[in-house]
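*Asks:* Pasting a structure below so you can have a look.
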Amino acid sequence: MSTRRYLISKVLQAVLTLAFVLAFNFFLFRGVGDPVTQLLRGHSGISRESVLQLQHQLGLDLPLPQQFVHYVKETLEGHLGYSYFYNIPVSRVIAQRIWPTVLLIGLSTFASTALGIWIGIAQGWRRGSRYDQGMLGFTLFTYSMPEFWFGLLVIMAFAVGVGPFPALFPTGGYESTGAGFTGFAHAIDVVNHMVLPFFVLTLSYLGEYSLIMRSSLLETLGEDFIITARAKGLRENRVLYGHAVPNALLPTMTVTILQLGFVLSGVITIELIFNWPGLGLLTSTAVDARDFPVLQGLFLLFSASVIVANLVADLLYSYLDPRVRAG
Amino acid sequence: MRPQPTSTVPVAAAPAVHIDAPKEPPRTPRQIARARRKAAAKRVWREYRKNKMGMAGLIILGIFIFVAIFAPLLASSCGLDPTCPSTGAQLQPPTLKFPLGTDDLGRSVLTLTIWGTRISMTVGLVSTAITMVIGTTIGLIAGYYGAWRETVLMRLTDWFLVLPFLPLAIVLATLLGPSFYTVIFVIGITSWPSTARVIRAQVLSLKTRPYVERARALGASDWHLVSRHILPNVGPLIFANTVLTVAVAILSESTLSFLGLGDPLHTSWGTILENSFGAGAPFAGNWWWVVPPGLAIVLVVLSFTMIGYALDDILNPKLRAR
Amino acid sequence: MATVVAMIATTGMAASALAQSATPTPKEKTTFIYGVNQPNSSLNPLVGFLGIDYNIWGMEYNLPIEFGTKDFSPDYAHSIVTSVDTSSDNLTFTYHMRSGLKWSDGQPFTANDVAWTLNYYKEHSISNYAADLALVKEVSVVDDTTFEIHSTKPTSIYNGESVFMYDFILPEHIWSTLDEPKKFEDVPAVGSGPFIVTKSKAGDFVQLERNPNYWGTQVGLTPHVDVIIEKIFNDENQMAAALQRGEIDFIWAMSSANILNSLKTKPNIQTHGAVQPSFEELALNTGSAFQTNPTGGFEPHGNGSHAVADPAFRRALRQAVDNQTLVDKVLLGYGEPADSPVQISAVPVGVHWDPPPDQALTFDLDKARADLEAAGYVDTDGDGIVNDPKTGENVVLHYYTRTPDQNTIKTAPFVESWWKQIGVGVKIEAVSNSKASSINVAGNLDLYDWGWYPNPDPNYILGIFTCEQRSPKPGVYGNNDSYFCDPEYDKLYEQQLTATSTQERIDIIHRMQQILYEQQPYIMLYYDQNLEAWRTDRFTGYIPQPSPNGDMLAFYGPFSIINIRPVAAGAGGTTKSEGIPGWVWIGIVGGLIIVIAGIMLGRRRVSDEDRA
């Protein structure tokens, strides 16, 4: 199978998955029932007419298939609807919050992957050693802890201050309110605020990556070509970095990218407890406010990101491993 | 090739074979298979016992299972009710009477943590059962039958894999209302894709084994092949996978409960953390209300993970040390 | 590898050094930052509905007559309206305005703006304000400083003796030109208050700045602050830590008494449980399935029990709830037991009613049991739960708590325990707000735990209990969640609106509260306090409304926000930089380099050694 056919088939699959997600998204949120009712309690003097008006405005009085077609059309045009809660377009709400999340996830994924791989390689290479055992214990521990619990402990220790220890870092938020920093000062301010959530996310996920890398490397080391390489008299370093790691890296990478779904999950709780104004926090508040258009838009965005990430992983995998392309 | 394991368990002295001793009746194939499987299990257990990590995990898990079963004996259930006379002052740090302090309604955190074991572990186990049933069935069908069934099922699996877990779980739980049944259902139906994938891969490789082909040539039915040959060999993998899935399920339950999607009227470790967080324990420095439930989660998940990895180490031929 | 690390380190050090030198000099602008614990729903006065939205509008716009800080009675000295004349037939009310009023964009603020705004609210049934204008036939302009309210019936509510219209006046020259006023974001805003919104980021913050053309300076209202920021937190641990670190100056509302108590112990911070109108109640289903009064198109629906539809039963339940215990345990003391949905500080002054001692239904389990028996509820099958005389079945009530409000969750076990002791069973379920609302609309409950935040004038909260506010059938919303329907009450409701003297109105409203107390559609639990905290070393001059224990930063009017000023010259409102100073960063990065280098060098040596 040629590269082109492989690429095309992968892209087509991705598009098909996206279509499924779109349909799933729509029907999932319609199953909610009437969103109008919960918006109304506490409003003085709301009349029956205004309820019906609101329902009409939200397009909830059309038959379901028509609503679906309307939904698909609107989404493809980039109109994700109007937020029930903020009363501004959903795309605006999401656009305002996307950068902090990209920053946080991007940097922490990079750090945890790099660190995880590095630790995993060292462990796999030295299986059974004290380093391996010690690191195994450490990574298993971080893998087993709920990331939000760890975040709470970090807040208690570093942000609020414990006993004689002063509060070192800001407890949360994206930047110092009202300070009006610009340029470098602003960047440093953001970094200052990002240290704690970054630390928590990185530590929470590096365990997973190192464990996978370790297993993957161990599997690879069991393969024949490693014996050959050793028999040829290659230095250990060459065997490790020249032969074992590249082959062990492939499955690791795939799994890493597949983990994106779980990293997104972690980001939701971490952004909540650190008040980091990103998409994760938006998800929490949208759930509380039953803001279904926003939830729908977020869901679509998350799914689409995972689909794209998977596609990238597949393409990268095929580029790096010719066996895959050959079918 | 792996060297023959030398047995460290003394073998019971075999009776000396006399030339004129009565021969044993020939064993049926089923008996042979069963004996073989028993020997294999014994072998795995011997290996397992040598694995320090696995044994540690088993011990820790044992403790928690004990606590879950005997919770009423360890801590009176009255302690969960804020109107119970045994409650103490609100938000007190640990004392002799309340070894883990009290929460904002004066209830003993130790009692809460002990009782939380029941729900946290039950939810983890039941949702994993659902995951394994769905995942294994789909993986088996897809792997064994192949062709259009495989394509359809794997496409479905891929689609579900793509949906991000927590947002989907949150939305479903929001729709279905806050309760532990919802949590179980949500975790169950969102976790099966990875299991299905793993099982299918294994079935695919087993399908091409010589003994399977031979059995098929001899006219064995699908059901026979699956139940006699494939399932038992996938068995260990399913088991290892299950153990790891429970770990993730317990973590997921704690996250969902923390976000307010569990049942607030009952106690699980996640709801304790949700309460302490909402009541401002981190800021107020009520560490005794935050650390124990989280530590319990870590230990249980750790034990399952260690067991799972130990099993993986033993059962996965590619991982065996030289 | 080492080179890469070195490069990162150098950049890091350079950046932090630059950051130090680039730190801006303290701003000349005095900035006041207050924290809130939920996002604004909308800054548009036609659309938003949360208390924190009202806060913003209270700074940006004016009411016709402002609520005085002492007790909410009219403050003509500081309102746009200086006096009100009532016609002899109590149908026409002439409002005299101050002259020389301006909007923030310099345009004159005249009677035309008032008339346009009020007429708009009425014509378009804007839910926040429509109830206030129920009796308004039309608002007409007499001249630039005079407008008239023409009411459909003789009344006292517009005679200016008490503030009835809690309605923000908008600039006609801006709003009348909009195609879709409800979609208007109102940022930046044009207003008449001391501050106007200039910037906002949904769910993050709202920023207001001084109104350059504020008319209030005419009457001695001069702000001492240049910029106000409302910072939105989604978690109260965060908000409290921010106050402690000096990132914000004031916490406007918190729900966690635990955090408040912890803040009390920190230096330079003062805490306060502010008395406010908010209350929480157990709303009982007085008969959605049985009533027949067809007002509003009502059709019986739902599955509530017969027992709860019986006022004698409800009175017994009332006597089995100890409000003081709930205040102590659930609110940690930050509240007060409540008996009437009309709050203590309600206006017209004196309109709040307390049950006289001989009518009071105090907490008394024995009496409750006796009353239950007298009403026919006896345990006929000996299982500890009384039986409904009509059906013979055990009385087990469907009781819903709401997950977003921890107080409802914490209250439930207490209520359950008390009611068990008088033989009434409950089945408690926690649901979301929207689910609770749907269940109530369907009538499928016996009671739920919710609350209201009434306006200063009780007209709105009293209206909740009228027959036509009931949800008429499943799926159609109604404010009257107890399904209370009493023709005498409804008549009194009309009468209080059309009473021609304020005192007469007060008396009628007393009688209405008495009916509600006798009938117990709501078992009132408590008035919860607004939990506030602020830094004592930043700003001073907070004015409580009402005096002395009310909200320190009340936004019913701009008085408190105008009065606050920095504590000492240069101490308050300067740049709030926070976190680690530059030199610490250098140290950390430097340390990291050394550690990483050490590990790497160590590793290389080892791996060289263990060659196969």
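Going through the structure tokens in order, the chains are called A, B, and so on, while each chain numbers its residues from 1 and the ligands are numbered from 1 in the order shown.
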With a distance cut-off of 9 Å and only C-alpha atoms, select the neighbouring residues of stretch 194-196 of chain B, excluding the residue or stretch itself and same-chain residues fewer than 3 positions from it, and output the selection as an NGL selection string.

*Replies:* :B and (131-132 or 134-140 or 142 or 154 or 157 or 161 or 191 or 199-201 or 238 or 241-242 or 245)

*Asks:* Taking only C-alpha atoms into account, what are the residues of chain A at most 9 Å from chain B, put as a PyMOL selection string?

*Replies:* chain A and resi 13+16-18+20-21+28-29+31-33+127+140-150+152-153+155-156+160-162+215+218-223+258+260-262+264-266+268-269+273+283-284+287+290+295+298-299+302-304+306-307+310

*Asks:* Emit the selected residues as a compact mmCIF listing (two decimals), in the first residue's frame, including C-alpha atoms.

*Replies:*
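Dumped to selection.txt:
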# COMPACT_ATOMS: atom_id res chain seq x y z
CA GLN A 13 -11.21 7.52 9.16
CA LEU A 16 -15.73 9.62 9.86
CA THR A 17 -14.94 9.66 13.56
CA LEU A 18 -15.52 13.39 13.65
CA PHE A 20 -19.79 10.32 14.67
CA VAL A 21 -18.73 12.71 17.39
CA LEU A 28 -26.37 13.54 23.94
CA PHE A 29 -27.27 17.10 24.78
CA GLY A 31 -31.35 14.06 25.86
CA VAL A 32 -31.03 16.67 28.55
CA GLY A 33 -34.59 17.77 28.23
CA ARG A 127 16.11 -3.50 35.28
CA LEU A 140 3.84 3.91 40.83
CA PHE A 141 3.01 6.21 43.72
CA THR A 142 2.51 9.25 41.51
CA TYR A 143 0.52 7.16 39.06
CA SER A 144 -1.80 6.00 41.81
CA MET A 145 -2.58 9.33 43.35
CA PRO A 146 -5.56 11.39 42.23
CA GLU A 147 -4.05 14.49 40.64
CA PHE A 148 -6.53 16.81 42.34
CA TRP A 149 -5.61 15.45 45.77
CA PHE A 150 -1.98 16.08 45.04
CA LEU A 152 -4.73 20.21 47.19
CA LEU A 153 -1.67 19.11 49.14
CA ILE A 155 -1.79 24.27 47.67
CA MET A 156 -1.72 23.62 51.38
CA VAL A 160 -1.08 28.88 51.83
CA GLY A 161 1.98 28.16 53.85
CA VAL A 162 2.37 25.46 56.45
CA SER A 215 7.71 -1.88 29.68
CA LEU A 218 11.96 -4.23 28.29
CA GLU A 219 9.93 -5.81 25.51
CA THR A 220 12.26 -4.43 22.89
CA LEU A 221 15.30 -5.61 24.75
CA GLY A 222 13.88 -9.11 24.53
CA GLU A 223 13.92 -9.01 20.76
CA LEU A 258 -3.68 8.43 23.23
CA LEU A 260 -4.36 13.14 25.62
CA GLY A 261 -7.91 12.27 26.55
CA PHE A 262 -6.84 11.60 30.12
CA LEU A 264 -7.66 16.72 29.34
CA SER A 265 -9.50 15.07 32.21
CA GLY A 266 -6.76 15.97 34.65
CA ILE A 268 -10.37 19.97 34.42
CA THR A 269 -9.81 19.31 38.11
CA ILE A 273 -8.49 24.06 42.19
CA THR A 283 -16.12 22.93 31.74
CA SER A 284 -16.66 22.93 35.50
CA VAL A 287 -21.63 22.04 34.18
CA ARG A 290 -26.06 23.78 32.97
CA LEU A 295 -20.61 22.13 27.06
CA LEU A 298 -16.23 22.11 24.56
CA PHE A 299 -17.06 18.47 24.00
CA PHE A 302 -11.96 18.06 23.08
CA SER A 303 -13.01 15.20 20.84
CA ALA A 304 -11.69 16.92 17.76
CA VAL A 306 -8.06 13.86 20.38
CA ILE A 307 -8.98 12.83 16.84
CA ASN A 310 -4.53 10.38 16.96

*Asks:* Up to 10 Å from chain B, what residues of chain C turn up? Count only C-alpha atoms and give them as a compact mmCIF listing (two decimals) with C-alpha atoms, in the first residue's frame.

*Replies:*
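In the end it all went to selection.txt:
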# COMPACT_ATOMS: atom_id res chain seq x y z
CA ASP C 235 -13.20 28.13 44.47
CA GLU C 236 -13.28 29.74 47.86
CA ASN C 237 -9.96 28.32 48.99
CA GLN C 238 -8.44 30.33 46.18
CA MET C 239 -10.34 33.45 47.05
CA ALA C 240 -9.37 33.34 50.70
CA ALA C 241 -5.73 32.72 49.89
CA GLN C 244 -4.50 36.60 52.66
CA SER C 255 -20.44 30.28 51.47
CA SER C 256 -17.87 28.53 53.64
CA ALA C 257 -18.04 29.56 57.26
CA ASN C 258 -15.03 27.37 57.87
CA ILE C 259 -12.90 29.54 55.63
CA LEU C 260 -14.27 32.67 57.24
CA ASN C 261 -13.30 31.44 60.67
CA SER C 262 -9.85 30.65 59.43
CA LEU C 263 -9.49 34.10 57.87
CA THR C 265 -7.18 34.42 62.65
CA LYS C 329 -24.38 23.36 63.01
CA VAL C 330 -24.92 24.06 59.34
CA LEU C 332 -21.59 27.63 62.05
CA THR C 401 -31.79 18.46 48.50
CA ARG C 402 -29.68 20.22 45.89
CA THR C 403 -26.11 19.32 45.13
CA PRO C 404 -24.85 22.85 44.40
CA GLN C 406 -24.01 22.15 50.59
CA ILE C 409 -27.20 18.53 52.08
CA LYS C 410 -26.07 19.22 55.62
CA THR C 411 -29.53 20.19 56.82
CA ALA C 412 -31.17 16.98 55.64
CA PRO C 413 -29.84 14.50 58.24
CA PHE C 414 -30.96 16.79 61.06
CA VAL C 415 -34.47 17.17 59.69
CA GLU C 416 -34.65 13.46 58.99
CA SER C 417 -33.67 12.65 62.55
CA TRP C 418 -36.19 15.04 64.12
CA ILE C 428 -33.97 11.97 50.77
CA GLU C 429 -32.48 12.46 47.33
CA ALA C 430 -29.85 14.93 46.13
CA VAL C 431 -30.38 16.37 42.69
CA SER C 432 -29.11 19.23 40.57
CA LYS C 435 -33.63 18.56 38.15

*Asks:* Residues near B:Ile65, anyone? I mean within 9 Å using only C-alpha atoms, not counting same-chain ones fewer than 6 positions away, as a VMD selection string.

*Replies:* chain B and resid 117 to 118 121

*Asks:* Would you return as a PyMOL selection string the members of stretch 90-208 of chain B that DSSP assigns to helix (DSSP H, G or I) on this structure's backbone?

*Replies:* chain B and resi 109-145+147-162+165-176+180-207

*Asks:* Residues near A:Leu115, anyone? I mean within 10 Å using only C-alpha atoms, not counting same-chain ones fewer than 5 positions away, as number ranges by chain.

*Replies:* A: 109-110, 120-121, 202-203, 205-207, 209-210

*Asks:* Those same residues, written as a PDB file, in the first residue's frame with C-alpha atoms?

*Replies:*
ATOM      1  CA  THR A 109       2.803  17.267  28.636  1.00  0.00           C
ATOM      2  CA  PHE A 110       6.175  18.114  27.166  1.00  0.00           C
ATOM      3  CA  GLY A 120      11.697   4.887  31.828  1.00  0.00           C
ATOM      4  CA  ILE A 121      14.723   4.351  29.639  1.00  0.00           C
ATOM      5  CA  THR A 202       3.748  17.069  35.265  1.00  0.00           C
ATOM      6  CA  LEU A 203       4.282  14.921  38.321  1.00  0.00           C
ATOM      7  CA  TYR A 205       1.450  12.052  34.475  1.00  0.00           C
ATOM      8  CA  LEU A 206       5.143  11.324  34.267  1.00  0.00           C
ATOM      9  CA  GLY A 207       4.590   8.126  36.201  1.00  0.00           C
ATOM     10  CA  TYR A 209       4.827   7.610  30.711  1.00  0.00           C
ATOM     11  CA  SER A 210       7.815   6.197  32.519  1.00  0.00           C
TER      12      SER A 210
END

*Asks:* In Å to one decimal, how far is atom CA of A:Trp99 from atom CA of A:Gly278?

*Replies:* 7.1 Å

*Asks:* Which residues are near A:Asp189? Cut-off 6 Å, only C-alpha atoms, ignore same chain within fewer than 3 positions. Put them as a PyMOL selection string.

*Replies:* chain A and resi 175+186+192

*Asks:* For the selection you just gave me, I'd like the residues written to a file as a compact mmCIF listing (two decimals), in the first residue's frame, keeping N, CA and C atoms.

*Replies:*
# COMPACT_ATOMS: atom_id res chain seq x y z
N GLU A 175 -2.79 35.63 36.24
CA GLU A 175 -1.88 36.77 36.35
C GLU A 175 -2.33 37.60 37.54
N HIS A 186 4.92 40.62 32.23
CA HIS A 186 3.69 39.86 32.15
C HIS A 186 3.99 38.37 32.01
N ASN A 192 4.99 32.62 37.00
CA ASN A 192 4.86 32.53 38.46
C ASN A 192 3.56 31.84 38.85

*Asks:* State, in Å with one decimal place, the distance from atom CA of C:Val441 to atom CA of C:Tyr483.

*Replies:*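 These atoms are spaced 9.7 Å apart.
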
*Asks:* From a backbone DSSP assignment, name each residue in stretch 271-414 of chain C labelled strand (DSSP E or B), as a PDB file with C-alpha atoms, in the first residue's frame.

*Replies:*
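Written file, part_30.pdb:
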ATOM      1  CA  THR C 271     -14.369  39.168  58.853  1.00  0.00           C
ATOM      2  CA  HIS C 272     -18.070  39.850  59.106  1.00  0.00           C
ATOM      3  CA  GLY C 273     -21.301  37.931  58.872  1.00  0.00           C
ATOM      4  CA  ALA C 274     -23.495  40.477  57.104  1.00  0.00           C
ATOM      5  CA  VAL C 275     -27.205  40.479  57.733  1.00  0.00           C
ATOM      6  CA  PHE C 279     -33.316  32.995  53.425  1.00  0.00           C
ATOM      7  CA  GLU C 280     -33.562  29.241  53.081  1.00  0.00           C
ATOM      8  CA  GLU C 281     -36.738  27.221  53.459  1.00  0.00           C
ATOM      9  CA  LEU C 282     -38.282  23.794  53.143  1.00  0.00           C
ATOM     10  CA  ALA C 283     -40.867  24.342  50.431  1.00  0.00           C
ATOM     11  CA  LEU C 284     -43.750  21.913  50.983  1.00  0.00           C
ATOM     12  CA  GLY C 335     -27.330  33.249  60.464  1.00  0.00           C
ATOM     13  CA  GLU C 336     -30.550  33.771  62.321  1.00  0.00           C
ATOM     14  CA  PRO C 337     -33.665  31.609  62.671  1.00  0.00           C
ATOM     15  CA  VAL C 378     -51.382   7.664  64.217  1.00  0.00           C
ATOM     16  CA  ASN C 387     -50.136   6.357  58.879  1.00  0.00           C
ATOM     17  CA  ASN C 394     -47.077   5.012  56.028  1.00  0.00           C
ATOM     18  CA  VAL C 396     -42.877   8.775  53.966  1.00  0.00           C
ATOM     19  CA  LEU C 397     -42.055  12.108  52.381  1.00  0.00           C
ATOM     20  CA  HIS C 398     -40.050  12.615  49.203  1.00  0.00           C
ATOM     21  CA  TYR C 399     -37.440  15.177  50.253  1.00  0.00           C
ATOM     22  CA  TYR C 400     -35.041  16.711  47.731  1.00  0.00           C
ATOM     23  CA  THR C 401     -31.789  18.457  48.497  1.00  0.00           C
ATOM     24  CA  ARG C 402     -29.680  20.223  45.885  1.00  0.00           C
TER      25      ARG C 402
END

*Asks:* Using only C-alpha atoms for the distances, tell me which of A:Leu217, A:Ile88, A:Ala111, A:Ala313 is nearest to chain C.

*Replies:*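 For chain C, the nearest of the candidates is A:Ile88.
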
*Asks:* Do a neighbour search on stretch 40-42 of chain C at 8 Å with only C-alpha atoms, toss out local chain neighbours closer than 3 positions, and write the hits as a list in words.

*Replies:* Phe85, Tyr86 and Asn87 of chain A; Pro45, Val47, Gly48, Phe49, Leu50, Ile52, Asp53, Glu185, Ala202 and Gly203 of chain C

*Asks:* Hey, can you spit out that residue selection with N, CA and C atoms as a PDB file, in the first residue's frame?

*Replies:*
ATOM      1  N   PHE A  85     -25.514  30.964  29.671  1.00  0.00           N
ATOM      2  CA  PHE A  85     -25.166  31.639  30.910  1.00  0.00           C
ATOM      3  C   PHE A  85     -24.512  32.999  30.677  1.00  0.00           C
ATOM      4  N   TYR A  86     -23.545  33.040  29.744  1.00  0.00           N
ATOM      5  CA  TYR A  86     -22.815  34.289  29.536  1.00  0.00           C
ATOM      6  C   TYR A  86     -23.472  35.190  28.504  1.00  0.00           C
ATOM      7  N   ASN A  87     -24.424  34.613  27.768  1.00  0.00           N
ATOM      8  CA  ASN A  87     -25.134  35.397  26.765  1.00  0.00           C
ATOM      9  C   ASN A  87     -24.239  36.028  25.719  1.00  0.00           C
TER      10      ASN A  87
ATOM     11  N   PRO C  45     -28.376  44.913  31.893  1.00  0.00           N
ATOM     12  CA  PRO C  45     -29.439  44.971  32.901  1.00  0.00           C
ATOM     13  C   PRO C  45     -30.752  44.336  32.453  1.00  0.00           C
ATOM     14  N   VAL C  47     -30.859  41.453  30.959  1.00  0.00           N
ATOM     15  CA  VAL C  47     -30.664  40.008  30.833  1.00  0.00           C
ATOM     16  C   VAL C  47     -30.155  39.346  32.109  1.00  0.00           C
ATOM     17  N   GLY C  48     -29.148  39.937  32.711  1.00  0.00           N
ATOM     18  CA  GLY C  48     -28.551  39.327  33.898  1.00  0.00           C
ATOM     19  C   GLY C  48     -29.553  39.219  35.034  1.00  0.00           C
ATOM     20  N   PHE C  49     -29.248  38.331  36.000  1.00  0.00           N
ATOM     21  CA  PHE C  49     -30.200  38.183  37.087  1.00  0.00           C
ATOM     22  C   PHE C  49     -29.549  37.842  38.419  1.00  0.00           C
ATOM     23  N   LEU C  50     -28.228  37.715  38.449  1.00  0.00           N
ATOM     24  CA  LEU C  50     -27.593  37.317  39.703  1.00  0.00           C
ATOM     25  C   LEU C  50     -27.364  38.518  40.601  1.00  0.00           C
ATOM     26  N   ILE C  52     -24.610  39.325  41.964  1.00  0.00           N
ATOM     27  CA  ILE C  52     -23.379  40.033  41.638  1.00  0.00           C
ATOM     28  C   ILE C  52     -23.542  40.917  40.399  1.00  0.00           C
ATOM     29  N   ASP C  53     -24.506  40.596  39.547  1.00  0.00           N
ATOM     30  CA  ASP C  53     -24.790  41.469  38.406  1.00  0.00           C
ATOM     31  C   ASP C  53     -25.405  42.765  38.917  1.00  0.00           C
ATOM     32  N   GLU C 185     -23.846  44.048  24.857  1.00  0.00           N
ATOM     33  CA  GLU C 185     -23.029  43.604  25.980  1.00  0.00           C
ATOM     34  C   GLU C 185     -22.831  44.662  27.052  1.00  0.00           C
ATOM     35  N   ALA C 202     -15.324  37.223  30.383  1.00  0.00           N
ATOM     36  CA  ALA C 202     -16.350  36.330  30.920  1.00  0.00           C
ATOM     37  C   ALA C 202     -15.752  35.313  31.875  1.00  0.00           C
ATOM     38  N   GLY C 203     -16.294  35.289  33.066  1.00  0.00           N
ATOM     39  CA  GLY C 203     -15.855  34.300  34.031  1.00  0.00           C
ATOM     40  C   GLY C 203     -14.537  34.623  34.705  1.00  0.00           C
TER      41      GLY C 203
END

*Asks:* Report, in Å with one decimal, the straight-line distance from atom CA of C:Asn407 to atom CA of B:Glu253.

*Replies:*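 One can read the atom CA of C:Asn407 to atom CA of B:Glu253 distance as 23.4 Å.
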
*Asks:* Rank nothing, just name the residue among C:Gln469, C:Asn213, C:Ser73, C:Thr145 nearest to chain A, using only C-alpha atoms.

*Replies:*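 Closest residue, counting only C-alpha atoms: C:Gln469.
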
*Asks:* Could you pull the residues within 10 Å of B:Arg37, counting only C-alpha atoms, minus those fewer than 6 positions along the same chain, as a list in words?

*Replies:*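 Here the qualifying residues turn out to be Gln31, Arg43 and Pro232 of chain B.
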
*Asks:* Which of these, A:Leu211, A:Gly242, A:Lys10, A:Leu272, has the shortest distance to A:Asp314 once you count only C-alpha atoms?

*Replies:*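 For A:Asp314, the nearest of the given residues is A:Lys10.
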